[in-house]
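File shown: upload.cif (mmCIF, C-alpha atoms and all ligand atoms).
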```
data_model
loop_
_atom_site.label_atom_id
_atom_site.label_comp_id
_atom_site.auth_asym_id
_atom_site.auth_seq_id
_atom_site.Cartn_x
_atom_site.Cartn_y
_atom_site.Cartn_z
CA MET A 1 45.73 -1.58 8.88
CA ARG A 2 48.04 0.53 6.73
CA LEU A 3 47.91 0.73 2.95
CA LEU A 4 50.88 2.03 0.98
CA LEU A 5 50.48 3.03 -2.67
CA LEU A 6 53.80 3.34 -4.51
CA ASN A 7 54.81 4.59 -7.98
CA ALA A 8 51.69 6.60 -8.63
CA GLY A 9 51.15 8.19 -12.01
CA PRO A 10 49.64 11.70 -11.89
CA VAL A 11 47.35 12.22 -8.86
CA ALA A 12 44.20 14.36 -9.13
CA MET A 13 44.24 15.74 -5.59
CA MET A 14 41.30 18.14 -6.21
CA ALA A 15 42.42 19.77 -2.95
CA ALA A 16 43.31 23.37 -3.85
CA GLY A 17 41.93 26.05 -1.52
CA ASP A 18 39.32 25.34 1.17
CA CYS A 19 38.11 21.75 0.72
CA ASN A 20 34.85 22.59 2.54
CA LYS A 21 33.95 24.69 -0.47
CA PRO A 22 33.12 23.59 -4.02
CA LEU A 23 35.33 24.59 -6.93
CA VAL A 24 33.78 27.07 -9.38
CA GLY A 25 34.64 28.70 -12.72
CA ALA A 26 38.22 28.47 -13.93
CA ASP A 27 39.34 26.85 -10.65
CA MET A 28 37.32 23.75 -11.57
CA GLY A 29 39.59 22.87 -14.44
CA ASP A 30 42.88 24.28 -13.17
CA ARG A 31 45.09 21.26 -13.73
CA GLU A 32 48.12 22.96 -12.23
CA SER A 33 46.55 23.42 -8.80
CA LEU A 34 44.47 20.21 -8.83
CA VAL A 35 46.74 17.51 -10.30
CA ALA A 36 50.15 16.45 -8.96
CA GLU A 37 52.85 15.01 -11.19
CA ALA A 38 53.74 11.32 -11.33
CA GLY A 39 56.14 9.82 -8.80
CA LEU A 40 54.25 10.14 -5.52
CA GLY A 41 53.37 7.51 -2.94
CA LEU A 42 50.44 7.63 -0.49
CA LEU A 43 50.04 6.05 2.93
CA SER A 44 46.69 5.44 4.58
CA GLU A 45 46.31 4.42 8.22
CA SER A 46 42.96 3.29 9.61
CA GLY A 47 41.17 4.77 6.60
CA ILE A 48 42.78 8.21 6.73
CA ILE A 49 45.49 9.50 4.37
CA THR A 50 48.47 10.27 6.60
CA ARG A 51 51.36 10.70 4.16
CA ILE A 52 51.72 11.93 0.59
CA ASP A 53 55.36 11.94 -0.39
CA ASP A 54 57.92 11.03 -3.00
CA SER A 55 57.32 7.33 -3.72
CA LYS A 56 61.01 6.46 -3.33
CA SER A 57 61.19 8.03 0.16
CA LEU A 58 58.11 6.12 1.32
CA GLU A 59 59.50 2.89 -0.12
CA ASP A 60 62.83 3.48 1.71
CA GLU A 61 60.93 4.05 4.94
CA PHE A 62 58.30 1.29 4.76
CA GLY A 63 59.67 -1.19 2.21
CA SER A 64 57.82 -2.53 -0.81
CA VAL A 65 56.43 -5.81 0.48
CA ASP A 66 53.36 -6.61 2.55
CA ILE A 67 53.81 -7.15 6.29
CA ASN A 68 51.13 -9.57 7.35
CA GLY A 69 48.31 -7.86 9.19
CA SER A 70 49.97 -4.45 9.36
CA LEU A 71 50.98 -3.15 5.92
CA GLN A 72 49.60 -3.76 2.45
CA VAL A 73 51.65 -2.41 -0.46
CA VAL A 74 50.29 -1.71 -3.95
CA ASP A 75 52.51 -0.86 -6.90
CA CYS A 76 50.49 1.57 -9.03
CA ALA A 77 52.93 1.05 -11.93
CA SER A 78 52.55 4.70 -13.03
CA ARG A 79 48.79 4.46 -13.38
CA ALA A 80 46.87 7.64 -12.55
CA ILE A 81 45.07 8.18 -9.24
CA ILE A 82 41.90 10.16 -8.53
CA PRO A 83 39.55 10.52 -5.53
CA GLY A 84 36.68 8.02 -5.12
CA PHE A 85 33.49 9.27 -6.77
CA VAL A 86 30.75 10.94 -4.73
CA ASP A 87 27.33 10.08 -6.21
CA SER A 88 25.07 12.64 -4.55
CA HIS A 89 21.71 11.57 -6.08
CA THR A 90 20.61 7.93 -6.28
CA HIS A 91 17.34 6.05 -5.88
CA LEU A 92 19.27 2.96 -4.76
CA LEU A 93 16.41 0.82 -3.46
CA TRP A 94 13.42 -0.36 -5.48
CA ASP A 95 12.14 -3.63 -6.85
CA GLY A 96 10.55 -4.50 -10.19
CA ASP A 97 11.45 -3.83 -13.80
CA ARG A 98 10.44 -1.05 -16.18
CA ALA A 99 12.56 -1.94 -19.19
CA ASN A 100 9.34 -2.00 -21.25
CA GLU A 101 9.07 1.79 -21.06
CA MET A 102 11.63 2.52 -23.78
CA ALA A 103 9.40 0.97 -26.44
CA LEU A 104 6.42 2.89 -25.00
CA ARG A 105 8.35 6.14 -25.33
CA GLN A 106 9.31 5.23 -28.89
CA SER A 107 5.63 4.69 -29.67
CA GLY A 108 5.10 8.35 -28.78
CA LEU A 109 4.19 8.32 -25.08
CA SER A 110 5.88 10.83 -22.77
CA TYR A 111 7.18 10.13 -19.23
CA THR A 112 3.95 11.69 -17.92
CA ASP A 113 1.74 9.63 -20.30
CA ILE A 114 3.42 6.42 -19.11
CA ALA A 115 2.95 7.44 -15.47
CA ASN A 116 -0.74 8.19 -16.14
CA GLN A 117 -1.17 4.72 -17.66
CA GLY A 118 0.07 2.93 -14.56
CA GLY A 119 3.77 2.81 -15.44
CA GLY A 120 6.47 5.08 -14.06
CA ILE A 121 7.03 5.67 -10.35
CA MET A 122 3.73 4.06 -9.25
CA LYS A 123 4.54 0.79 -11.00
CA THR A 124 7.81 0.65 -9.08
CA VAL A 125 5.95 1.54 -5.88
CA ASP A 126 3.67 -1.51 -6.32
CA ALA A 127 6.67 -3.82 -6.75
CA THR A 128 8.71 -2.22 -3.97
CA ARG A 129 5.93 -2.41 -1.38
CA LYS A 130 5.96 -6.20 -1.85
CA ALA A 131 9.70 -6.43 -1.13
CA ASP A 132 10.55 -7.36 2.47
CA LEU A 133 13.66 -6.09 4.27
CA ASN A 134 15.79 -9.05 3.16
CA ARG A 135 14.87 -8.57 -0.47
CA LEU A 136 15.72 -4.85 -0.25
CA LEU A 137 19.07 -5.68 1.36
CA GLU A 138 19.85 -8.22 -1.34
CA LEU A 139 19.10 -5.66 -4.08
CA GLY A 140 21.05 -2.94 -2.27
CA ARG A 141 24.15 -5.09 -1.71
CA LYS A 142 24.38 -6.01 -5.40
CA ARG A 143 23.94 -2.40 -6.49
CA ILE A 144 26.45 -1.01 -4.00
CA ALA A 145 29.00 -3.62 -5.10
CA ARG A 146 28.46 -2.63 -8.72
CA ALA A 147 28.78 1.09 -7.93
CA ALA A 148 32.06 0.34 -6.12
CA THR A 149 33.51 -1.43 -9.16
CA PHE A 150 32.79 1.76 -11.12
CA GLY A 151 34.63 3.80 -8.49
CA THR A 152 31.86 5.19 -6.28
CA THR A 153 32.95 5.41 -2.65
CA THR A 154 30.28 7.79 -1.32
CA MET A 155 26.62 7.59 -2.17
CA GLU A 156 23.43 9.43 -1.29
CA CYS A 157 20.45 7.00 -1.29
CA LYS A 158 16.80 8.01 -1.35
CA SER A 159 13.71 6.20 -0.21
CA GLY A 160 10.62 7.19 -2.23
CA TYR A 161 9.21 4.01 -3.74
CA GLY A 162 7.12 3.17 -0.69
CA LEU A 163 4.83 6.20 -0.26
CA SER A 164 3.38 4.91 3.00
CA LEU A 165 4.65 5.12 6.56
CA ASP A 166 5.56 1.43 6.75
CA SER A 167 7.20 1.09 3.39
CA GLU A 168 9.12 4.38 3.53
CA LEU A 169 10.47 3.41 6.96
CA ARG A 170 11.41 -0.05 5.64
CA LEU A 171 13.38 1.51 2.77
CA LEU A 172 15.23 3.86 5.13
CA LYS A 173 15.89 1.03 7.57
CA ALA A 174 17.38 -1.02 4.71
CA ILE A 175 19.59 1.92 3.69
CA GLY A 176 20.72 2.16 7.34
CA HIS A 177 21.65 -1.55 7.42
CA LEU A 178 23.52 -1.21 4.13
CA SER A 179 25.36 1.81 5.48
CA ASP A 180 26.39 -0.10 8.63
CA GLU A 181 27.71 -3.11 6.76
CA SER A 182 29.24 -1.42 3.71
CA LEU A 183 32.74 -0.01 3.31
CA LEU A 184 31.21 2.70 1.19
CA ASP A 185 30.00 5.90 2.78
CA ILE A 186 26.18 5.89 2.47
CA HIS A 187 23.90 8.88 3.21
CA PRO A 188 20.11 8.41 3.44
CA THR A 189 17.40 10.79 2.20
CA TRP A 190 13.66 10.54 2.93
CA LEU A 191 11.70 11.00 -0.33
CA GLY A 192 8.18 10.22 0.87
CA ALA A 193 7.07 13.07 -1.42
CA HIS A 194 8.12 11.31 -4.61
CA ASP A 195 4.54 10.85 -5.87
CA PHE A 196 1.00 10.56 -4.46
CA PRO A 197 -0.22 7.06 -3.51
CA LYS A 198 -3.19 5.76 -5.49
CA GLY A 199 -6.62 6.45 -4.09
CA VAL A 200 -5.43 8.96 -1.50
CA ASP A 201 -6.41 12.63 -1.58
CA THR A 202 -3.28 14.70 -2.30
CA ALA A 203 -3.88 17.11 0.61
CA ASP A 204 -4.36 14.15 2.94
CA TYR A 205 -1.10 12.63 1.79
CA VAL A 206 0.80 15.89 2.38
CA GLU A 207 -0.72 15.84 5.90
CA GLU A 208 0.50 12.27 6.32
CA LEU A 209 3.98 13.23 5.15
CA ILE A 210 4.21 16.08 7.64
CA ASN A 211 2.38 14.60 10.61
CA GLU A 212 3.17 10.87 10.36
CA GLN A 213 6.17 10.05 8.17
CA LEU A 214 8.40 13.03 9.01
CA PRO A 215 8.12 12.72 12.84
CA GLU A 216 8.91 8.98 12.66
CA VAL A 217 11.85 9.54 10.29
CA VAL A 218 13.25 12.21 12.61
CA GLU A 219 12.55 10.22 15.78
CA GLN A 220 14.35 7.17 14.36
CA GLY A 221 17.22 9.30 12.98
CA ILE A 222 17.19 7.37 9.70
CA ALA A 223 17.55 10.18 7.17
CA ARG A 224 19.86 13.17 6.80
CA TRP A 225 17.66 15.09 4.35
CA ALA A 226 14.11 15.38 3.02
CA ASP A 227 13.45 15.44 -0.72
CA VAL A 228 10.37 16.33 -2.81
CA PHE A 229 9.68 15.73 -6.53
CA CYS A 230 8.70 19.34 -7.20
CA GLU A 231 7.40 19.38 -10.77
CA PRO A 232 4.06 20.31 -12.41
CA GLY A 233 1.99 17.10 -12.30
CA TRP A 234 3.66 15.95 -9.08
CA TYR A 235 4.30 18.26 -6.07
CA ASN A 236 3.43 21.91 -6.63
CA LEU A 237 5.36 24.79 -5.08
CA ASP A 238 3.04 25.15 -2.06
CA GLN A 239 3.12 21.45 -1.23
CA THR A 240 6.90 21.43 -1.66
CA GLU A 241 7.32 24.43 0.61
CA ASP A 242 5.07 22.83 3.26
CA VAL A 243 7.14 19.64 3.35
CA VAL A 244 10.51 21.43 3.26
CA THR A 245 9.48 23.88 5.99
CA ALA A 246 8.12 21.14 8.24
CA ALA A 247 11.30 19.13 7.71
CA ALA A 248 13.49 22.15 8.48
CA ASN A 249 11.50 22.82 11.66
CA ALA A 250 12.13 19.21 12.65
CA GLY A 251 15.86 19.62 12.03
CA LEU A 252 16.03 17.98 8.60
CA PRO A 253 17.52 19.97 5.72
CA SER A 254 16.35 19.29 2.15
CA ARG A 255 17.68 18.47 -1.28
CA LEU A 256 15.03 18.69 -4.02
CA HIS A 257 14.03 17.35 -7.45
CA VAL A 258 13.24 20.52 -9.45
CA ASP A 259 12.63 21.71 -13.02
CA GLU A 260 13.21 18.30 -14.61
CA PHE A 261 10.74 18.70 -17.50
CA VAL A 262 9.78 22.40 -17.41
CA ASP A 263 10.70 25.50 -15.42
CA GLY A 264 8.13 25.14 -12.66
CA GLY A 265 9.90 27.62 -10.39
CA GLY A 266 11.39 24.78 -8.38
CA LEU A 267 14.98 25.98 -8.26
CA ALA A 268 13.82 29.50 -7.40
CA LEU A 269 11.91 28.01 -4.45
CA ALA A 270 14.89 25.85 -3.46
CA ALA A 271 17.04 29.00 -3.37
CA GLU A 272 14.43 30.86 -1.34
CA LEU A 273 14.22 28.01 1.15
CA GLY A 274 18.00 27.55 1.18
CA THR A 275 17.97 23.82 0.40
CA VAL A 276 21.29 22.00 0.20
CA SER A 277 20.84 21.28 -3.50
CA GLY A 278 18.40 21.52 -6.40
CA ASP A 279 18.67 18.45 -8.62
CA HIS A 280 17.86 17.93 -12.35
CA VAL A 281 17.59 21.74 -12.89
CA GLY A 282 17.48 21.21 -16.65
CA TYR A 283 14.93 23.96 -17.31
CA SER A 284 15.59 26.41 -14.47
CA SER A 285 15.79 30.10 -15.31
CA ASP A 286 19.06 32.02 -15.21
CA ASN A 287 17.69 34.13 -12.34
CA ALA A 288 16.97 31.00 -10.34
CA ARG A 289 20.46 29.65 -11.04
CA ALA A 290 22.04 32.89 -9.86
CA ALA A 291 19.80 32.94 -6.77
CA ALA A 292 20.65 29.32 -5.97
CA ASN A 293 24.34 30.08 -6.13
CA GLU A 294 23.85 33.09 -3.89
CA ALA A 295 21.89 30.98 -1.38
CA GLY A 296 24.48 28.19 -1.28
CA THR A 297 22.15 25.76 -3.07
CA MET A 298 24.17 23.38 -5.27
CA GLN A 299 22.83 22.81 -8.80
CA THR A 300 23.11 19.07 -9.42
CA PHE A 301 22.71 18.03 -13.05
CA LEU A 302 21.59 14.48 -13.81
CA PRO A 303 22.22 14.14 -17.56
CA GLY A 304 21.74 10.35 -17.49
CA THR A 305 17.99 10.94 -17.14
CA PRO A 306 17.36 13.02 -20.28
CA TYR A 307 19.80 10.63 -22.01
CA VAL A 308 17.61 7.59 -21.33
CA LEU A 309 14.47 9.59 -22.09
CA GLY A 310 15.90 10.30 -25.55
CA LYS A 311 15.99 14.06 -24.95
CA GLU A 312 18.58 16.78 -25.25
CA LEU A 313 20.84 16.69 -22.20
CA GLU A 314 19.62 20.12 -20.94
CA SER A 315 22.59 20.67 -18.71
CA PRO A 316 23.96 24.20 -19.11
CA VAL A 317 27.18 23.35 -17.30
CA LYS A 318 29.29 25.65 -19.48
CA GLN A 319 27.05 28.53 -18.50
CA CYS A 320 27.57 27.63 -14.84
CA LEU A 321 31.33 27.63 -15.39
CA ASN A 322 31.23 31.02 -17.10
CA ASN A 323 29.12 32.50 -14.30
CA GLU A 324 31.15 30.83 -11.53
CA TRP A 325 28.00 29.07 -10.30
CA MET A 326 28.73 25.93 -8.32
CA PHE A 327 27.42 22.70 -9.79
CA SER A 328 27.73 18.93 -9.47
CA LEU A 329 26.83 15.88 -11.55
CA ALA A 330 25.21 12.68 -10.25
CA THR A 331 23.78 9.45 -11.72
CA ASP A 332 20.10 9.61 -10.60
CA PHE A 333 20.22 5.78 -10.60
CA ASN A 334 16.52 4.75 -10.71
CA PRO A 335 14.32 2.16 -12.48
CA ASN A 336 14.22 4.38 -15.54
CA CYS A 337 17.91 5.30 -15.59
CA ARG A 338 19.68 2.13 -14.52
CA SER A 339 23.27 3.26 -14.50
CA LEU A 340 25.43 3.43 -11.40
CA SER A 341 28.45 4.34 -13.50
CA ILE A 342 29.97 7.73 -12.77
CA PRO A 343 32.53 7.12 -15.59
CA PHE A 344 29.59 6.88 -18.02
CA LEU A 345 28.36 10.21 -16.68
CA GLY A 346 31.89 11.56 -17.21
CA SER A 347 31.64 10.52 -20.83
CA LEU A 348 28.36 12.46 -21.22
CA ALA A 349 29.93 15.46 -19.48
CA THR A 350 33.05 15.54 -21.64
CA HIS A 351 31.97 14.02 -24.96
CA ARG A 352 28.58 15.77 -25.06
CA LEU A 353 28.43 18.71 -22.63
CA GLY A 354 31.85 20.17 -23.34
CA LEU A 355 33.42 19.96 -19.89
CA SER A 356 37.10 19.18 -19.62
CA PRO A 357 37.96 15.91 -17.84
CA ILE A 358 39.20 17.83 -14.77
CA GLU A 359 36.12 20.09 -14.61
CA ALA A 360 33.90 17.03 -14.86
CA LEU A 361 35.96 15.28 -12.17
CA ALA A 362 35.44 18.21 -9.78
CA ALA A 363 31.69 17.85 -10.42
CA VAL A 364 31.67 14.20 -9.27
CA THR A 365 34.12 14.43 -6.35
CA ARG A 366 34.87 17.60 -4.44
CA ASN A 367 31.74 19.56 -5.37
CA PRO A 368 29.07 16.98 -4.42
CA ALA A 369 31.09 16.14 -1.30
CA THR A 370 30.37 19.63 0.01
CA THR A 371 26.65 18.79 0.00
CA LEU A 372 27.10 15.49 1.86
CA SER A 373 29.84 15.91 4.42
CA ALA A 374 28.72 15.26 7.94
CA SER A 375 30.22 17.55 10.53
CA GLU A 376 32.62 14.88 11.79
CA HIS A 377 34.35 14.63 8.44
CA ASP A 378 33.77 18.00 6.85
CA GLY A 379 35.94 18.61 3.85
CA THR A 380 37.55 15.18 4.01
CA LEU A 381 35.60 13.57 1.15
CA GLY A 382 36.01 14.12 -2.57
CA SER A 383 39.70 15.06 -2.55
CA ILE A 384 43.05 13.42 -1.86
CA ARG A 385 44.83 15.15 1.00
CA ILE A 386 46.42 14.44 4.34
CA GLY A 387 43.67 13.99 6.93
CA GLY A 388 41.12 13.06 4.26
CA ARG A 389 39.31 9.74 4.00
CA ALA A 390 41.33 7.24 1.99
CA ASP A 391 38.78 6.92 -0.84
CA ILE A 392 41.07 6.46 -3.83
CA LEU A 393 40.82 5.08 -7.36
CA ILE A 394 43.68 3.65 -9.41
CA LEU A 395 42.83 4.02 -13.10
CA ASP A 396 43.55 1.86 -16.07
CA SER A 397 45.27 4.85 -17.62
CA GLU A 398 48.45 6.86 -17.23
CA TYR A 399 46.37 10.05 -17.40
CA VAL A 400 43.90 11.28 -14.78
CA ASP A 401 41.70 12.17 -17.78
CA GLY A 402 41.26 8.44 -18.39
CA TRP A 403 38.44 8.30 -15.81
CA CYS A 404 35.84 9.51 -18.32
CA GLN A 405 37.22 8.35 -21.66
CA MET A 406 35.96 4.78 -21.90
CA PRO A 407 32.19 4.98 -22.50
CA GLY A 408 30.56 1.62 -21.85
CA ASP A 409 33.76 0.30 -20.27
CA ASN A 410 35.22 0.62 -16.81
CA PRO A 411 38.36 2.75 -16.41
CA VAL A 412 38.67 1.93 -12.67
CA ALA A 413 41.36 -0.69 -12.00
CA SER A 414 41.13 -0.50 -8.19
CA THR A 415 38.68 1.07 -5.77
CA ILE A 416 39.90 1.84 -2.27
CA ALA A 417 37.19 2.85 0.20
CA ASN A 418 38.11 3.99 3.68
CA GLY A 419 41.64 2.63 3.19
CA ILE A 420 40.45 -0.85 2.16
CA ILE A 421 40.72 -2.28 -1.34
CA VAL A 422 37.18 -3.15 -2.37
CA LYS A 423 38.04 -3.82 -6.01
CA SER A 424 41.45 -4.81 -7.31
O1 LIG B 501 14.85 11.64 -10.40
N1 LIG B 501 11.84 12.42 -11.29
C1 LIG B 501 11.62 11.83 -10.26
N2 LIG B 501 12.25 10.76 -9.79
C2 LIG B 501 13.21 9.99 -10.52
C3 LIG B 501 12.62 9.08 -11.53
C4 LIG B 501 11.61 8.23 -10.97
C5 LIG B 501 11.17 7.10 -11.83
O2 LIG B 501 10.95 7.27 -13.04
O3 LIG B 501 11.02 6.03 -11.25
C6 LIG B 501 14.22 10.92 -11.15
O4 LIG B 501 14.42 10.93 -12.37
FE FE B 502 16.00 11.43 -8.88
#
```
Rewritten as structure tokens:
Amino acid sequence: MRLLLLNAGPVAMMAAGDCNKPLVGADMGDRESLVAEAGLGLLSESGIITRIDDSKSLEDEFGSVDINGSLQVVDCASRAIIPGFVDSHTHLLWDGDRANEMALRQSGLSYTDIANQGGGIMKTVDATRKADLNRLLELGRKRIARAATFGTTTMECKSGYGLSLDSELRLLKAIGHLSDESLLDIHPTWLGAHDFPKGVDTADYVEELINEQLPEVVEQGIARWADVFCEPGWYNLDQTEDVVTAAANAGLPSRLHVDEFVDGGGLALAAELGTVSGDHVGYSSDNARAAANEAGTMQTFLPGTPYVLGKELESPVKQCLNNEWMFSLATDFNPNCRSLSIPFLGSLATHRLGLSPIEALAAVTRNPATTLSASEHDGTLGSIRIGGRADILILDSEYVDGWCQMPGDNPVASTIANGIIVKS
């Protein structure tokens, strides 16, 4: 099937330079090299962008009406176009409800206090263990559909609310099913080391992770990365290193939760171990940030989490820009931070963290794509270019900047994933 987009407004190609590499520093916001002027048309064939040309020329060549079964034509009516969003950190699958925790926080309890009282991750684990495969699929389908309406076309999805061999495998199996049936591009991560199950000795659980869960995950080929919640009170540096090293030896690279509440040395360790990314990184030291950049470890900020916790956003993105350190932004969708909206994140990034709309766009498209691309489509996600995947958003705005300027509303008029209109 071919899809022809005509009369585009400005197009944020985000394709300057080597698309296998993230944009950093001034290049991140360089409108001239990243955004094309209005008047283009785009053709996608079998999910790949094959032509980007003057709209009039494409219309002369292909016409402006649908040809049943072979060509679908969309008139963009001068609305702006940007790449589909790449959400590189989500806890997509879990059951239960923790909406009661806001009032607990307002009564003075911290995230850790709530966890110690039986709330937090372990409460979600109890509910999620009771969910069978069908229930997980039902939850996942609804959430993926919602993410797609907000413009997400690529998504990393973690397990981590099972914390036992059976339930972690069930979560990853569900993510695999969702990936097979969805038009969105879904990438699974094994997060067995999200917390310690109740009543189990911590050293024994680390043994279980390394000697039972990891071999099964690798054998079944159901995850692309390992993840660990490396934070004082959860996994310490030694335990994190043990899991990451075992995973690497088994052929699984890692992306880690680090320095969410304090600088626990997590990003420094991530850099030392050469993980794909270090996520949260709110409290990491400058030395660790520089080392991460040197090691090729992406800093992924998740400002939605401190936002819902009622804290400062702790995301020194301007400092990253000034130092030319690569960074991304992601939702961290989880039971505590229930937003799958990248445009909402864009509002935090521009209205609160001081990024320009184009810098923020690079942080949710091209940059996270470099941490997710599988070898068969390296560099083809997160930008609009010939040979790239046709993951394209038509905005409800004549400016590409419109993607992040409607907090609480949805600026995405149409989502096209793999050349197919999933929201119009
Ligand atoms: O990334 N911090 C660890 N994991 C999740 C939150 C987990 C939860 O509260 O359920 C996060 O924020
Ligand atoms: Fe997370």
Practice item. Taking the point (54.8, 5.2, 0.7) as given in the file, collect each protein or nucleic acid residue that comes within 6 Å of it, counting only C-alpha atoms, and present the set as a list in words. Key: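 Residues with an atom at most 6 Å from (54.8, 5.2, 0.7): Leu4, Leu5, Leu6, Gly41, Leu42, Leu43, Ser55, Leu58 and Glu59 of chain A.
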Would you pick out the contacts of Leu209 in chain A at 10 Å or less, using only C-alpha atoms, so that residues sharing its chain but fewer than 5 positions from it are not included, and give the list as a JSON list (two decimals) with C-alpha atoms, in the coordinates of the input?
```json
[["chain", "number", "residue", "atom", "x", "y", "z"],
["A", 163, "LEU", "CA", 4.83, 6.20, -0.26],
["A", 164, "SER", "CA", 3.38, 4.91, 3.00],
["A", 165, "LEU", "CA", 4.65, 5.12, 6.56],
["A", 191, "LEU", "CA", 11.70, 11.00, -0.33],
["A", 192, "GLY", "CA", 8.18, 10.22, 0.87],
["A", 193, "ALA", "CA", 7.07, 13.07, -1.42],
["A", 203, "ALA", "CA", -3.88, 17.11, 0.61],
["A", 204, "ASP", "CA", -4.36, 14.15, 2.94],
["A", 214, "LEU", "CA", 8.40, 13.03, 9.01],
["A", 215, "PRO", "CA", 8.12, 12.72, 12.84],
["A", 216, "GLU", "CA", 8.91, 8.98, 12.66],
["A", 242, "ASP", "CA", 5.07, 22.83, 3.26],
["A", 243, "VAL", "CA", 7.14, 19.64, 3.35],
["A", 246, "ALA", "CA", 8.12, 21.14, 8.24],
["A", 247, "ALA", "CA", 11.30, 19.13, 7.71]]
```
Practice item. Between CA of Arg255 in chain A and CA of Trp225 in chain A, measure the distance and give it in Å to one decimal. Key: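 Result for CA of Arg255 in chain A versus CA of Trp225 in chain A: 6.6 Å, one decimal.
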**Study point:** Environment of ligand LIG 501 (chain B) within 6 Å, counting all atoms listed in the file, reported as a list in words
**Key:**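 Protein and nucleic-acid residues within 6 Å of ligand LIG 501 (chain B): Gly120, Ile121, Phe229, Thr305, Asp332, Asn334, Pro335 and Asn336 of chain A.
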Point to revise | Which residue of A:Leu256, A:Leu269, A:Ala362, A:Ala115 approaches ligand FE 502 (chain B) most closely, using only C-alpha atoms and all ligand atoms | key: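 Comparing A:Leu256, A:Leu269, A:Ala362, A:Ala115 against ligand FE 502 (chain B), the winner is A:Leu256.
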Fix up range 280-291 of chain A with N, CA, C and O atoms, then write it as an mmCIF file, keeping the file's coordinate frame.
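Saved to result.cif:
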```
data_model
loop_
_atom_site.group_PDB
_atom_site.id
_atom_site.type_symbol
_atom_site.label_atom_id
_atom_site.label_comp_id
_atom_site.auth_asym_id
_atom_site.auth_seq_id
_atom_site.Cartn_x
_atom_site.Cartn_y
_atom_site.Cartn_z
ATOM 1 N N HIS A 280 18.389 17.932 -10.974
ATOM 2 C CA HIS A 280 17.860 17.930 -12.350
ATOM 3 C C HIS A 280 18.138 19.315 -12.943
ATOM 4 O O HIS A 280 18.968 19.440 -13.803
ATOM 5 N N VAL A 281 17.407 20.325 -12.503
ATOM 6 C CA VAL A 281 17.590 21.740 -12.890
ATOM 7 C C VAL A 281 17.847 21.950 -14.382
ATOM 8 O O VAL A 281 18.550 22.889 -14.759
ATOM 9 N N GLY A 282 17.259 21.091 -15.210
ATOM 10 C CA GLY A 282 17.480 21.210 -16.650
ATOM 11 C C GLY A 282 16.858 22.474 -17.221
ATOM 12 O O GLY A 282 17.401 23.072 -18.145
ATOM 13 N N TYR A 283 15.697 22.865 -16.697
ATOM 14 C CA TYR A 283 14.930 23.960 -17.310
ATOM 15 C C TYR A 283 14.858 25.201 -16.427
ATOM 16 O O TYR A 283 14.048 26.089 -16.681
ATOM 17 N N SER A 284 15.662 25.260 -15.378
ATOM 18 C CA SER A 284 15.590 26.410 -14.470
ATOM 19 C C SER A 284 15.994 27.694 -15.180
ATOM 20 O O SER A 284 16.777 27.666 -16.138
ATOM 21 N N SER A 285 15.460 28.810 -14.690
ATOM 22 C CA SER A 285 15.790 30.100 -15.310
ATOM 23 C C SER A 285 17.177 30.556 -14.838
ATOM 24 O O SER A 285 17.678 30.103 -13.805
ATOM 25 N N ASP A 286 17.757 31.478 -15.595
ATOM 26 C CA ASP A 286 19.060 32.020 -15.210
ATOM 27 C C ASP A 286 18.974 32.729 -13.858
ATOM 28 O O ASP A 286 19.892 32.639 -13.041
ATOM 29 N N ASN A 287 17.846 33.437 -13.633
ATOM 30 C CA ASN A 287 17.690 34.130 -12.340
ATOM 31 C C ASN A 287 17.704 33.138 -11.198
ATOM 32 O O ASN A 287 18.311 33.382 -10.149
ATOM 33 N N ALA A 288 17.010 32.006 -11.402
ATOM 34 C CA ALA A 288 16.970 31.000 -10.340
ATOM 35 C C ALA A 288 18.359 30.410 -10.112
ATOM 36 O O ALA A 288 18.760 30.158 -8.977
ATOM 37 N N ARG A 289 19.099 30.206 -11.187
ATOM 38 C CA ARG A 289 20.460 29.650 -11.040
ATOM 39 C C ARG A 289 21.345 30.611 -10.241
ATOM 40 O O ARG A 289 22.093 30.202 -9.358
ATOM 41 N N ALA A 290 21.239 31.893 -10.578
ATOM 42 C CA ALA A 290 22.040 32.890 -9.860
ATOM 43 C C ALA A 290 21.619 32.939 -8.391
ATOM 44 O O ALA A 290 22.465 32.985 -7.480
ATOM 45 N N ALA A 291 20.298 32.879 -8.145
ATOM 46 C CA ALA A 291 19.800 32.940 -6.770
ATOM 47 C C ALA A 291 20.235 31.711 -5.989
ATOM 48 O O ALA A 291 20.603 31.799 -4.801
#
```
